[in-house]
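Colleague: Got a structure for you, start-v3.cif, holding mmCIF, C-alpha atoms.
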```
data_upload
loop_
_atom_site.label_atom_id
_atom_site.label_comp_id
_atom_site.auth_asym_id
_atom_site.auth_seq_id
_atom_site.Cartn_x
_atom_site.Cartn_y
_atom_site.Cartn_z
CA MET A 1 -6.38 3.50 0.52
CA THR A 2 -2.99 2.11 1.28
CA ILE A 3 -3.07 -1.49 0.20
CA ALA A 4 0.43 -2.62 1.38
CA LEU A 5 -0.08 -4.47 4.64
CA ILE A 6 3.69 -4.57 5.16
CA GLY A 7 6.55 -2.86 3.37
CA THR A 8 8.13 -4.43 0.32
CA GLU A 9 11.58 -5.96 0.59
CA ASP A 10 13.23 -3.30 -1.49
CA SER A 11 11.79 -0.56 0.72
CA VAL A 12 13.90 -1.66 3.70
CA ARG A 13 17.54 -0.66 3.92
CA ALA A 14 19.86 -3.67 3.87
CA THR A 15 22.65 -2.03 5.88
CA ALA A 16 23.06 -1.48 9.60
CA ARG A 17 23.80 1.83 11.31
CA VAL A 18 26.32 1.05 14.01
CA GLY A 19 27.29 3.38 16.84
CA LEU A 20 30.80 3.27 18.35
CA VAL A 21 31.20 4.67 21.88
CA SER A 22 34.83 4.87 22.91
CA PRO A 23 36.91 7.57 24.62
CA GLN A 24 39.59 7.00 21.97
CA ALA A 25 39.15 6.81 18.22
CA ASN A 26 38.68 3.25 17.02
CA GLU A 27 39.42 3.57 13.33
CA GLU A 28 40.26 -0.11 12.88
CA LEU A 29 36.80 -1.27 13.99
CA ALA A 30 35.09 1.50 12.02
CA VAL A 31 36.96 0.48 8.87
CA SER A 32 36.03 -3.18 9.42
CA ILE A 33 32.35 -2.27 9.68
CA THR A 34 32.24 0.09 6.70
CA HIS A 35 34.30 -2.35 4.61
CA VAL A 36 31.37 -4.79 4.55
CA GLY A 37 28.89 -2.08 3.59
CA HIS A 38 27.53 -0.81 6.91
CA GLU A 39 27.47 2.70 8.37
CA THR A 40 29.30 3.82 11.52
CA ILE A 41 28.73 6.71 13.89
CA SER A 42 31.75 7.22 16.15
CA CYS A 43 31.33 9.11 19.43
CA THR A 44 33.52 9.65 22.46
CA ASP A 45 30.67 9.33 25.00
CA TRP A 46 26.99 8.46 25.35
CA ASN A 47 25.82 12.09 25.41
CA GLU A 48 27.24 12.64 21.95
CA LEU A 49 25.73 9.38 20.69
CA GLU A 50 22.28 10.27 22.05
CA GLU A 51 22.38 13.59 20.21
CA ARG A 52 23.38 11.88 16.97
CA ALA A 53 20.74 9.16 17.42
CA GLN A 54 17.97 11.75 17.40
CA SER A 55 18.54 12.32 13.68
CA GLU A 56 20.15 9.02 12.69
CA SER A 57 18.47 5.83 13.89
CA LEU A 58 20.85 3.13 15.16
CA ASP A 59 20.62 -0.66 14.95
CA LEU A 60 23.60 -1.70 17.08
CA VAL A 61 26.13 -0.07 19.41
CA PHE A 62 29.68 -1.20 20.25
CA CYS A 63 30.71 0.30 23.57
CA HIS A 64 34.13 0.37 25.19
CA GLU A 65 34.02 -1.24 28.62
CA SER A 66 35.06 2.03 30.24
CA CYS A 67 31.81 3.62 28.99
CA ILE A 68 29.40 0.83 29.91
CA GLU A 69 28.50 2.27 33.31
CA SER A 70 27.47 5.61 31.78
CA MET A 71 25.04 3.98 29.33
CA PRO A 72 21.56 5.64 29.60
CA ALA A 73 19.14 3.57 31.67
CA GLU A 74 16.42 3.63 28.98
CA TRP A 75 18.69 2.88 26.02
CA SER A 76 16.82 0.39 23.78
CA VAL A 77 19.29 -0.37 20.98
CA PRO A 78 21.35 -3.58 21.48
CA VAL A 79 24.81 -2.88 22.97
CA ILE A 80 27.93 -5.05 22.51
CA ARG A 81 30.80 -4.60 24.98
CA MET A 82 34.23 -4.11 23.39
CA GLU A 83 37.36 -5.75 24.73
CA THR A 84 39.78 -3.79 26.90
CA ASP A 85 41.86 -2.88 23.87
CA GLY A 86 38.75 -1.63 22.06
CA THR A 87 38.41 -4.57 19.68
CA VAL A 88 35.58 -6.97 18.85
CA ASN A 89 35.88 -10.65 17.99
CA GLU A 90 36.44 -10.60 14.23
CA GLN A 91 34.70 -13.92 13.73
CA ALA A 92 31.60 -12.73 15.59
CA LEU A 93 31.45 -9.32 13.87
CA PRO A 94 29.73 -10.44 10.62
CA ALA A 95 27.07 -12.36 12.54
CA LEU A 96 26.45 -9.38 14.83
CA LEU A 97 26.04 -7.02 11.89
CA SER A 98 23.68 -9.44 10.11
CA LEU A 99 21.63 -9.70 13.28
CA ALA A 100 21.46 -5.91 13.48
CA VAL A 101 20.11 -5.73 9.92
CA GLU A 102 17.52 -8.41 10.68
CA VAL A 103 16.41 -6.59 13.82
CA ALA A 104 16.10 -3.36 11.84
CA ILE A 105 13.93 -5.08 9.23
CA LYS A 106 11.68 -6.71 11.83
CA THR A 107 11.37 -3.45 13.75
CA THR A 108 10.38 -1.63 10.57
CA ARG A 109 7.80 -4.30 9.71
CA LEU A 110 6.33 -4.08 13.20
CA SER A 111 6.17 -0.29 13.02
CA GLU A 112 4.44 -0.44 9.63
CA LEU A 113 1.89 -2.96 10.85
CA GLU A 114 1.21 -0.93 14.00
CA ASP A 115 0.69 2.17 11.86
CA LEU A 116 -1.61 0.22 9.56
CA VAL A 117 -3.70 -1.18 12.40
CA GLY A 118 -4.02 2.27 13.94
CA GLY A 119 -4.93 3.72 10.54
CA ILE A 120 -7.56 1.07 9.90
CA ARG A 121 -9.18 1.55 13.28
CA SER A 122 -9.24 5.33 12.89
CA GLY A 123 -10.28 5.16 9.25
CA SER A 124 -7.22 7.03 7.96
CA ALA A 125 -5.85 3.97 6.13
CA MET A 126 -8.84 3.95 3.78
CA VAL A 127 -7.85 7.06 1.88
CA GLY A 128 -10.46 8.95 -0.10
CA ASN A 129 -13.33 11.39 0.27
CA THR A 130 -15.29 10.76 -2.92
CA PRO A 131 -18.91 9.51 -2.61
CA PRO A 132 -17.95 5.88 -3.46
CA MET A 133 -15.28 5.89 -0.74
CA ARG A 134 -17.59 7.45 1.82
CA ARG A 135 -20.13 4.73 1.06
CA LEU A 136 -17.43 2.08 1.52
CA GLN A 137 -16.23 3.55 4.81
CA GLY A 138 -19.81 3.61 6.09
CA ALA A 139 -20.41 0.01 5.00
CA VAL A 140 -17.21 -1.14 6.75
CA SER A 141 -18.29 0.52 10.00
CA ARG A 142 -21.78 -1.01 9.85
CA ALA A 143 -20.38 -4.45 9.03
CA ALA A 144 -18.02 -4.22 12.01
CA ASP A 145 -20.90 -3.49 14.36
CA CYS A 146 -22.68 -6.75 13.57
CA ASP A 147 -21.69 -10.41 13.23
CA ALA A 148 -23.29 -11.13 9.86
CA THR A 149 -21.46 -12.92 7.05
CA VAL A 150 -19.98 -10.34 4.67
CA LEU A 151 -19.35 -10.63 0.94
CA ILE A 152 -16.87 -8.01 -0.31
CA GLU A 153 -17.00 -7.50 -4.08
CA GLY A 154 -14.78 -5.38 -6.30
CA PRO A 155 -12.21 -5.54 -9.08
CA THR A 156 -8.79 -7.09 -8.55
CA GLY A 157 -6.40 -4.64 -6.91
CA SER A 158 -9.10 -2.34 -5.55
CA GLY A 159 -8.46 -3.06 -1.86
CA LYS A 160 -10.87 -5.82 -0.83
CA SER A 161 -8.34 -7.40 1.56
CA LEU A 162 -7.85 -4.09 3.33
CA ALA A 163 -11.61 -3.68 3.70
CA ALA A 164 -11.84 -7.17 5.22
CA ARG A 165 -9.11 -6.37 7.73
CA ALA A 166 -10.77 -3.08 8.56
CA ILE A 167 -14.02 -4.86 9.42
CA HIS A 168 -12.18 -7.30 11.68
CA LEU A 169 -10.10 -4.65 13.45
CA LYS A 170 -13.17 -2.53 14.13
CA SER A 171 -15.24 -5.48 15.39
CA ARG A 172 -15.58 -7.06 18.85
CA ARG A 173 -13.32 -9.92 17.63
CA CYS A 174 -10.35 -7.62 17.04
CA GLY A 175 -8.44 -9.07 19.98
CA ASP A 176 -8.01 -12.38 18.15
CA VAL A 177 -5.69 -13.04 15.21
CA LEU A 178 -7.34 -12.75 11.79
CA VAL A 179 -7.31 -16.00 9.79
CA VAL A 180 -7.00 -15.72 5.99
CA LYS A 181 -7.69 -18.60 3.61
CA ASP A 182 -7.00 -18.65 -0.13
CA CYS A 183 -10.04 -20.38 -1.60
CA GLY A 184 -8.08 -21.40 -4.69
CA SER A 185 -5.95 -23.77 -2.64
CA VAL A 186 -7.97 -24.65 0.47
CA SER A 187 -9.50 -28.14 0.54
CA ALA A 188 -12.87 -29.10 1.96
CA GLU A 189 -11.11 -30.75 4.91
CA GLY A 190 -8.86 -27.74 5.45
CA LEU A 191 -11.83 -25.37 5.44
CA SER A 192 -13.77 -27.55 7.86
CA THR A 193 -10.77 -27.70 10.21
CA ALA A 194 -10.25 -23.94 10.09
CA ILE A 195 -13.90 -23.29 10.96
CA ALA A 196 -13.73 -25.72 13.87
CA GLU A 197 -10.44 -24.40 15.27
CA HIS A 198 -10.96 -20.64 14.94
CA THR A 199 -14.34 -20.14 16.58
CA LYS A 200 -13.64 -16.81 18.29
CA THR A 201 -12.07 -14.85 15.47
CA THR A 202 -12.74 -13.83 11.87
CA ILE A 203 -11.95 -15.98 8.85
CA VAL A 204 -11.42 -14.19 5.53
CA LEU A 205 -12.12 -16.38 2.49
CA GLU A 206 -10.22 -14.66 -0.32
CA ASP A 207 -11.48 -15.33 -3.89
CA VAL A 208 -14.44 -17.32 -2.63
CA ASP A 209 -15.53 -17.89 -6.23
CA GLN A 210 -12.63 -20.34 -6.56
CA LEU A 211 -13.91 -22.72 -3.88
CA SER A 212 -14.18 -26.34 -5.02
CA ALA A 213 -17.60 -28.00 -5.07
CA ALA A 214 -16.73 -30.03 -1.97
CA ALA A 215 -15.57 -26.94 -0.08
CA GLN A 216 -18.76 -25.11 -1.11
CA SER A 217 -20.77 -27.92 0.47
CA VAL A 218 -18.80 -27.58 3.71
CA LEU A 219 -19.40 -23.85 3.78
CA VAL A 220 -23.12 -24.19 3.11
CA LYS A 221 -23.43 -26.68 5.97
CA HIS A 222 -21.58 -24.33 8.30
CA LEU A 223 -23.74 -21.32 7.35
CA LYS A 224 -26.90 -23.35 7.87
CA GLU A 225 -25.75 -24.35 11.36
CA ARG A 226 -25.17 -20.71 12.24
CA THR A 227 -28.89 -20.02 11.91
CA THR A 228 -29.96 -22.63 14.49
CA SER A 229 -30.52 -21.71 18.10
CA ARG A 230 -28.28 -24.55 19.27
CA ALA A 231 -25.39 -23.61 16.99
CA PRO A 232 -21.95 -23.95 18.60
CA SER A 233 -19.54 -21.04 18.79
CA MET A 234 -18.76 -19.99 15.22
CA PRO A 235 -16.14 -17.75 13.56
CA ARG A 236 -17.12 -14.61 11.72
CA LEU A 237 -16.89 -15.12 7.95
CA ILE A 238 -15.86 -12.49 5.43
CA ALA A 239 -15.60 -13.55 1.78
CA THR A 240 -14.02 -11.56 -1.05
CA THR A 241 -14.42 -11.94 -4.79
CA SER A 242 -13.57 -10.19 -8.05
CA ALA A 243 -15.98 -12.37 -10.02
CA HIS A 244 -19.64 -11.75 -10.85
CA ILE A 245 -21.04 -14.65 -8.83
CA PRO A 246 -24.64 -14.45 -10.19
CA GLU A 247 -23.23 -15.32 -13.61
CA MET A 248 -21.39 -18.29 -12.08
CA VAL A 249 -24.62 -19.37 -10.40
CA ALA A 250 -26.44 -19.18 -13.75
CA ARG A 251 -23.97 -21.54 -15.41
CA GLY A 252 -23.82 -23.90 -12.43
CA ALA A 253 -20.27 -23.04 -11.32
CA PHE A 254 -21.32 -21.73 -7.90
CA ARG A 255 -24.05 -22.87 -5.53
CA GLU A 256 -27.02 -20.55 -5.47
CA ASP A 257 -27.84 -21.24 -1.81
CA LEU A 258 -24.23 -20.48 -0.86
CA TYR A 259 -24.29 -17.18 -2.73
CA TYR A 260 -27.43 -16.00 -0.92
CA ARG A 261 -26.01 -16.98 2.48
CA LEU A 262 -22.70 -15.20 1.79
CA HIS A 263 -24.58 -12.17 0.50
CA ALA A 264 -26.10 -11.44 3.94
CA PHE A 265 -24.12 -8.19 4.15
CA PRO A 266 -22.75 -7.08 0.76
CA VAL A 267 -19.90 -4.54 0.59
CA MET A 268 -18.78 -3.03 -2.71
CA VAL A 269 -15.21 -1.77 -3.08
CA PRO A 270 -15.09 0.77 -5.93
CA GLY A 271 -12.53 0.55 -8.69
CA LEU A 272 -10.10 3.42 -9.07
CA HIS A 273 -11.94 4.60 -12.20
CA GLU A 274 -14.95 5.31 -9.98
CA ARG A 275 -13.00 7.64 -7.70
CA VAL A 276 -10.44 9.39 -9.84
CA ASP A 277 -10.55 12.45 -7.60
CA ASP A 278 -9.04 10.35 -4.80
CA ILE A 279 -5.86 9.71 -6.81
CA PRO A 280 -3.90 12.76 -5.52
CA SER A 281 -4.51 11.88 -1.85
CA LEU A 282 -3.93 8.18 -2.58
CA ALA A 283 -0.62 8.92 -4.27
CA ASP A 284 0.53 11.05 -1.35
CA ALA A 285 -0.48 8.35 1.15
CA ILE A 286 1.40 5.68 -0.80
CA LEU A 287 4.49 7.85 -0.90
CA ASP A 288 4.24 8.71 2.80
CA SER A 289 3.87 5.04 3.73
CA GLY A 290 7.33 4.34 2.33
CA VAL A 291 9.06 6.93 4.51
CA SER A 292 9.13 4.82 7.67
CA ALA A 293 10.43 1.84 5.70
CA SER A 294 13.25 3.62 3.90
CA GLY A 295 14.10 6.08 6.64
CA ARG A 296 14.33 8.85 4.03
CA ASN A 297 12.09 11.80 3.31
CA HIS A 298 10.62 12.24 -0.14
CA GLN A 299 10.24 15.29 -2.36
CA GLY A 300 6.72 14.50 -3.55
CA PHE A 301 5.53 14.71 -7.15
CA THR A 302 6.12 17.33 -9.81
CA PRO A 303 3.00 18.97 -11.33
CA ALA A 304 3.57 16.99 -14.55
CA ALA A 305 3.65 13.72 -12.60
CA ARG A 306 0.40 14.54 -10.81
CA ILE A 307 -1.29 15.33 -14.10
CA LEU A 308 -0.15 11.99 -15.51
CA LEU A 309 -1.40 10.07 -12.47
CA GLU A 310 -4.86 11.58 -12.91
CA SER A 311 -4.86 10.93 -16.67
CA VAL A 312 -4.30 7.17 -16.53
CA GLN A 313 -7.16 4.68 -16.46
CA TRP A 314 -5.37 2.26 -14.07
CA PRO A 315 -6.88 -1.10 -15.09
CA GLY A 316 -5.03 -2.65 -12.13
CA HIS A 317 -6.64 -0.10 -9.77
CA VAL A 318 -4.95 0.80 -6.47
CA ALA A 319 -2.48 -2.09 -6.69
CA GLN A 320 -1.19 -0.86 -10.05
CA LEU A 321 -1.07 2.74 -8.84
CA GLU A 322 0.99 1.73 -5.82
CA ALA A 323 3.41 -0.40 -7.85
CA THR A 324 3.91 2.45 -10.32
CA ILE A 325 4.60 4.99 -7.58
CA ARG A 326 7.02 2.65 -5.80
CA ARG A 327 8.91 2.14 -9.05
CA GLY A 328 8.90 5.88 -9.75
CA GLN A 329 10.25 6.54 -6.26
CA MET A 330 13.22 4.25 -6.91
CA LEU A 331 13.90 5.81 -10.32
CA ALA A 332 13.72 9.33 -8.86
CA GLY A 333 16.48 8.45 -6.38
CA GLY A 334 15.34 10.84 -3.66
CA ALA A 335 14.32 13.69 -5.97
CA ALA A 336 10.75 14.67 -6.74
CA ILE A 337 8.97 12.02 -8.82
CA ASP A 338 8.52 13.35 -12.34
CA ARG A 339 6.45 12.24 -15.31
CA GLU A 340 9.41 10.37 -16.82
CA HIS A 341 9.68 8.20 -13.70
CA LEU A 342 6.08 7.04 -14.08
CA ILE A 343 5.46 6.95 -17.81
CA ALA A 344 6.99 3.50 -18.50
CA GLU A 345 4.58 1.75 -16.12
CA ALA A 346 1.61 3.99 -16.78
CA ALA A 347 1.83 4.09 -20.58
CA SER A 348 -0.45 1.09 -21.07
CA GLY A 349 -3.27 2.82 -19.23
CA VAL A 350 -2.97 6.34 -20.56
CA ALA A 351 -6.24 7.59 -21.96
CA ASN A 352 -6.25 10.14 -24.77
CA VAL A 353 -2.72 11.45 -24.42
CA ALA A 354 -1.97 14.75 -26.12
CA PRO A 355 -1.21 14.46 -29.83
CA GLN A 356 2.43 14.77 -30.86
CA SER A 357 1.78 17.46 -33.38
CA VAL A 358 3.24 20.76 -34.46
CA THR A 359 -0.05 22.19 -35.66
CA GLY A 360 -2.36 20.71 -33.03
CA ASN A 361 -4.36 18.73 -35.59
CA ALA A 362 -4.60 14.94 -35.75
CA VAL A 363 -1.53 13.47 -37.39
CA ALA A 364 -0.54 10.17 -38.84
CA GLU A 365 0.82 7.49 -36.57
CA GLU A 366 4.31 7.90 -38.01
CA VAL A 367 5.77 11.40 -37.64
CA VAL A 368 9.30 12.75 -37.35
CA LEU A 369 9.56 15.02 -34.31
CA THR A 370 12.01 17.82 -33.77
CA GLU A 371 12.61 19.97 -30.72
CA ALA A 372 10.63 22.76 -32.36
CA ALA A 373 7.56 20.51 -32.28
CA ILE A 374 7.58 20.21 -28.49
CA ARG A 375 5.39 22.66 -26.63
CA PRO A 376 5.41 23.41 -22.87
CA PHE A 377 3.48 20.80 -20.90
CA GLU A 378 0.84 23.24 -19.64
CA GLU A 379 0.20 24.35 -23.22
CA GLU A 380 -0.27 20.75 -24.32
CA GLU A 381 -2.60 20.05 -21.41
CA LYS A 382 -4.68 23.17 -22.12
CA PHE A 383 -4.95 22.16 -25.77
CA LEU A 384 -6.04 18.61 -24.88
CA LEU A 385 -8.68 19.76 -22.39
CA GLY A 386 -10.00 22.30 -24.88
CA ARG A 387 -10.37 19.61 -27.56
CA ALA A 388 -12.29 17.37 -25.17
CA LEU A 389 -14.69 20.17 -24.23
CA GLN A 390 -15.16 21.12 -27.87
CA ALA A 391 -15.83 17.51 -28.90
CA THR A 392 -18.49 17.12 -26.19
CA ASN A 393 -20.07 20.55 -26.75
CA GLY A 394 -19.16 21.62 -23.23
CA ASN A 395 -20.43 18.47 -21.48
CA VAL A 396 -17.99 18.40 -18.54
CA ARG A 397 -19.10 14.98 -17.29
CA ARG A 398 -18.58 13.34 -20.70
CA ALA A 399 -15.30 15.19 -21.30
CA ALA A 400 -13.99 13.99 -17.94
CA GLN A 401 -14.94 10.40 -18.86
CA LEU A 402 -13.12 10.63 -22.19
CA LEU A 403 -10.04 12.07 -20.52
CA GLY A 404 -10.12 9.51 -17.70
CA ILE A 405 -10.12 12.16 -14.95
CA GLY A 406 -12.64 13.26 -12.34
CA ARG A 407 -15.14 16.05 -12.95
CA ALA A 408 -13.80 18.04 -10.01
CA THR A 409 -10.32 17.83 -11.54
CA LEU A 410 -11.62 19.00 -14.91
CA TYR A 411 -13.54 21.90 -13.36
CA ARG A 412 -10.34 22.94 -11.57
CA LYS A 413 -8.41 22.83 -14.85
CA ILE A 414 -11.14 24.83 -16.63
CA GLN A 415 -10.74 27.60 -14.07
CA GLN A 416 -6.95 27.35 -14.14
CA TYR A 417 -6.73 27.71 -17.92
CA GLN A 418 -9.89 29.87 -18.28
CA LEU A 419 -11.33 27.46 -20.87
CA ARG A 420 -14.61 28.14 -22.63
CA LEU A 421 -17.49 25.68 -22.42
CA HIS A 422 -18.52 25.42 -26.08
#
```
Go ahead and render the structure in this file as structure tokens.
Modeller:
Amino acid sequence: MTIALIGTEDSVRATARVGLVSPQANEELAVSITHVGHETISCTDWNELEERAQSESLDLVFCHESCIESMPAEWSVPVIRMETDGTVNEQALPALLSLAVEVAIKTTRLSELEDLVGGIRSGSAMVGNTPPMRRLQGAVSRAADCDATVLIEGPTGSGKSLAARAIHLKSRRCGDVLVVKDCGSVSAEGLSTAIAEHTKTTIVLEDVDQLSAAAQSVLVKHLKERTTSRAPSMPRLIATTSAHIPEMVARGAFREDLYYRLHAFPVMVPGLHERVDDIPSLADAILDSGVSASGRNHQGFTPAARILLESVQWPGHVAQLEATIRRGQMLAGGAAIDREHLIAEAASGVANVAPQSVTGNAVAEEVVLTEAAIRPFEEEEKFLLGRALQATNGNVRRAAQLLGIGRATLYRKIQQYQLRLH
């Protein structure tokens, strides 16, 4: 499940790619553009520029006035006419280049959002094929087909906001803009106004457990009115929470009648620990989602990096996984993401890492390592898996839990290394 609704700032290139169309070389303008950190593509005519543009996207084109008439009719990139002598107003040049960068960023954002909306509607944005994810995908589709109030529960970072947007985009209200309210900051008056003003769309109440007592009263009143036959036009309500609301009800921190009314259609978003076998496809989807933003292809993950991703417990769930992969992508610098690019972020969640030992036995916390003590990674992994199976007397389910990986992954490793079930 890709949780980024738009690309991050550092995923968008901060330079413009500028095309120069002139029958004569215009080195002075090209130098002026590259001097301030932008890229130039110089061509003698539009045919050459079109060929280059197929592999190198452009943000702005400077065209000599003699070539304006031959500009392709369907050309969509902004074009600035050069002076007769092939120059551009030096004072206007910085502003034009800045505008080109801004247009590139906005275009990228729009493309990402369009891809996300299409992915949500088709179901491809909610990555995963494990039983918990299939249950979630089915619940989202059923919730979209009705108009009941939905309560989405799940741990922080698991993707509740994406599930809420998926319900809206699959529903009959998808033509209207989704309204999102942070319950930690919305007042009773603000909530009442939002309900009154947005009657035809969906309102998402994020972290509904943080609603003030006054705002809870407003929401209860609204939900009661929905049940009457003379109720006015009402928005669809979707609430999300990471808290265990029944416990809050028990200690008087949340209204019991509000909880039951919100709980009309419950949706559970599983934590990443419940669907470890989805991690490989999730990691690939996260990496692929950055391609359109950066404009660069990626080299994927090394086998060691994939093993590490499946060995971490990820207390921050999908959000932490995505942040770690984004960081690893920057550290890799265009190469394949390796274990070393991920280990700094993932170290806090690693479960049962292989012992740093020459003999393979448990060692003291303090040990002096030499190069002779380091074994090949596959050998270390085989040793670790074998220990887990031996400790659990061949109980694959329990061994997988101890290792923090999925059973399907462990079965695959057992076959790969031809391990014995003790």
Colleague: Name the closest residue to Arg261 in chain A among the candidates A:Thr201, A:Asn26, A:Ser192, A:Thr149; distances are taken between atoms, counting only C-alpha atoms.
Modeller: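 Ranked by minimum distance to Arg261 in chain A, first place goes to A:Thr149.
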Colleague: Can you tell me, as a list of chain:residue names, what residues are no more than 10 Å from Ala213 in chain A when counting all atoms listed in the file, ignoring any on the same chain fewer than 6 positions away?
Modeller: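 Residues meeting the cut-off are A:Ser187, A:Ala188, A:Leu219, A:Ala253, A:Phe254, A:Arg255.
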Colleague: One decimal, Å: what's the distance from CA of Ala164 in chain A over to CA of Gly128 in chain A, could you say?
Modeller: 17.0 Å
Colleague: With 12 Å as the cut-off and all atoms listed in the file counted, what is the closest atom pair between each nearby residue of range 174-241 of chain A and range 157-160 of chain A? Distances in Å to one decimal, ordered by chain and number, as JSON lines.
Modeller:
```
{"residue": "A:Val204", "atom": "CA", "partner": "A:Lys160", "partner_atom": "CA", "distance": 10.5}
{"residue": "A:Leu205", "atom": "CA", "partner": "A:Lys160", "partner_atom": "CA", "distance": 11.1}
{"residue": "A:Glu206", "atom": "CA", "partner": "A:Lys160", "partner_atom": "CA", "distance": 8.9}
{"residue": "A:Asp207", "atom": "CA", "partner": "A:Lys160", "partner_atom": "CA", "distance": 10.0}
{"residue": "A:Ile238", "atom": "CA", "partner": "A:Lys160", "partner_atom": "CA", "distance": 10.4}
{"residue": "A:Ala239", "atom": "CA", "partner": "A:Lys160", "partner_atom": "CA", "distance": 9.4}
{"residue": "A:Thr240", "atom": "CA", "partner": "A:Lys160", "partner_atom": "CA", "distance": 6.6}
{"residue": "A:Thr241", "atom": "CA", "partner": "A:Lys160", "partner_atom": "CA", "distance": 8.1}
```
Colleague: Evaluated on this file, the PyMOL selection byres ((chain A and resi 276) around 12) picks out some residues - which ones are they, written as an MDAnalysis selection string?
Modeller: chainID A and resid 128:133 270:275 277:283 307 309:314 317:318 321 400:401 403:410
Colleague: Could you please determine the separation between CA of Gly394 in chain A and CA of Phe377 in chain A in Å, to one decimal place?
Modeller: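 One can read the CA of Gly394 in chain A to CA of Phe377 in chain A distance as 22.8 Å.
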Colleague: So which one's closest to Arg172 in chain A, A:His38, A:Lys200, A:Arg81, A:His244? Using all atoms listed in the file, please.
Modeller: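 Counting all atoms listed in the file, the residue closest to Arg172 in chain A is A:Lys200.
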Colleague: Which of these residues is nearest to Ile337 in chain A, using all atoms listed in the file: A:Pro303, A:Pro72, A:Gly19, A:Gly37?
Modeller: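 Among the listed residues, the smallest separation from Ile337 in chain A belongs to A:Pro303.
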Colleague: For the structure just given, write the atoms of range 123-137 of chain A, namely N, CA and C atoms, as a JSON list (two decimals), in the first residue's frame.
Modeller:
```json
[["chain", "number", "residue", "atom", "x", "y", "z"],
["A", 123, "GLY", "N", -7.73, -0.43, -7.33],
["A", 123, "GLY", "CA", -7.30, -1.31, -6.26],
["A", 123, "GLY", "C", -5.81, -1.54, -6.23],
["A", 124, "SER", "N", -5.07, -1.08, -7.25],
["A", 124, "SER", "CA", -3.63, -1.36, -7.32],
["A", 124, "SER", "C", -2.83, -0.56, -6.30],
["A", 125, "ALA", "N", -3.39, 0.54, -5.78],
["A", 125, "ALA", "CA", -2.66, 1.35, -4.80],
["A", 125, "ALA", "C", -2.58, 0.67, -3.44],
["A", 126, "MET", "N", -3.53, -0.21, -3.17],
["A", 126, "MET", "CA", -3.53, -0.93, -1.89],
["A", 126, "MET", "C", -2.80, -2.25, -2.10],
["A", 127, "VAL", "N", -1.49, -2.17, -2.00],
["A", 127, "VAL", "CA", -0.61, -3.28, -2.36],
["A", 127, "VAL", "C", -0.70, -4.38, -1.31],
["A", 128, "GLY", "N", -0.78, -5.60, -1.76],
["A", 128, "GLY", "CA", -0.75, -6.74, -0.84],
["A", 128, "GLY", "C", -1.73, -7.81, -1.24],
["A", 129, "ASN", "N", -1.34, -9.06, -1.02],
["A", 129, "ASN", "CA", -2.21, -10.19, -1.35],
["A", 129, "ASN", "C", -2.33, -11.18, -0.20],
["A", 130, "THR", "N", -1.91, -10.75, 0.99],
["A", 130, "THR", "CA", -2.06, -11.62, 2.16],
["A", 130, "THR", "C", -3.52, -11.61, 2.61],
["A", 131, "PRO", "N", -3.96, -12.60, 3.40],
["A", 131, "PRO", "CA", -5.36, -12.63, 3.86],
["A", 131, "PRO", "C", -5.80, -11.33, 4.55],
["A", 132, "PRO", "N", -4.99, -10.71, 5.44],
["A", 132, "PRO", "CA", -5.44, -9.45, 6.04],
["A", 132, "PRO", "C", -5.69, -8.35, 5.01],
["A", 133, "MET", "N", -4.84, -8.27, 3.97],
["A", 133, "MET", "CA", -5.02, -7.25, 2.96],
["A", 133, "MET", "C", -6.23, -7.54, 2.06],
["A", 134, "ARG", "N", -6.47, -8.80, 1.78],
["A", 134, "ARG", "CA", -7.65, -9.14, 0.98],
["A", 134, "ARG", "C", -8.92, -8.80, 1.74],
["A", 135, "ARG", "N", -8.89, -9.02, 3.07],
["A", 135, "ARG", "CA", -10.05, -8.65, 3.88],
["A", 135, "ARG", "C", -10.26, -7.13, 3.86],
["A", 136, "LEU", "N", -9.15, -6.38, 3.95],
["A", 136, "LEU", "CA", -9.26, -4.92, 3.92],
["A", 136, "LEU", "C", -9.80, -4.44, 2.58],
["A", 137, "GLN", "N", -9.28, -4.98, 1.49],
["A", 137, "GLN", "CA", -9.73, -4.57, 0.16],
["A", 137, "GLN", "C", -11.22, -4.86, -0.02]]
```
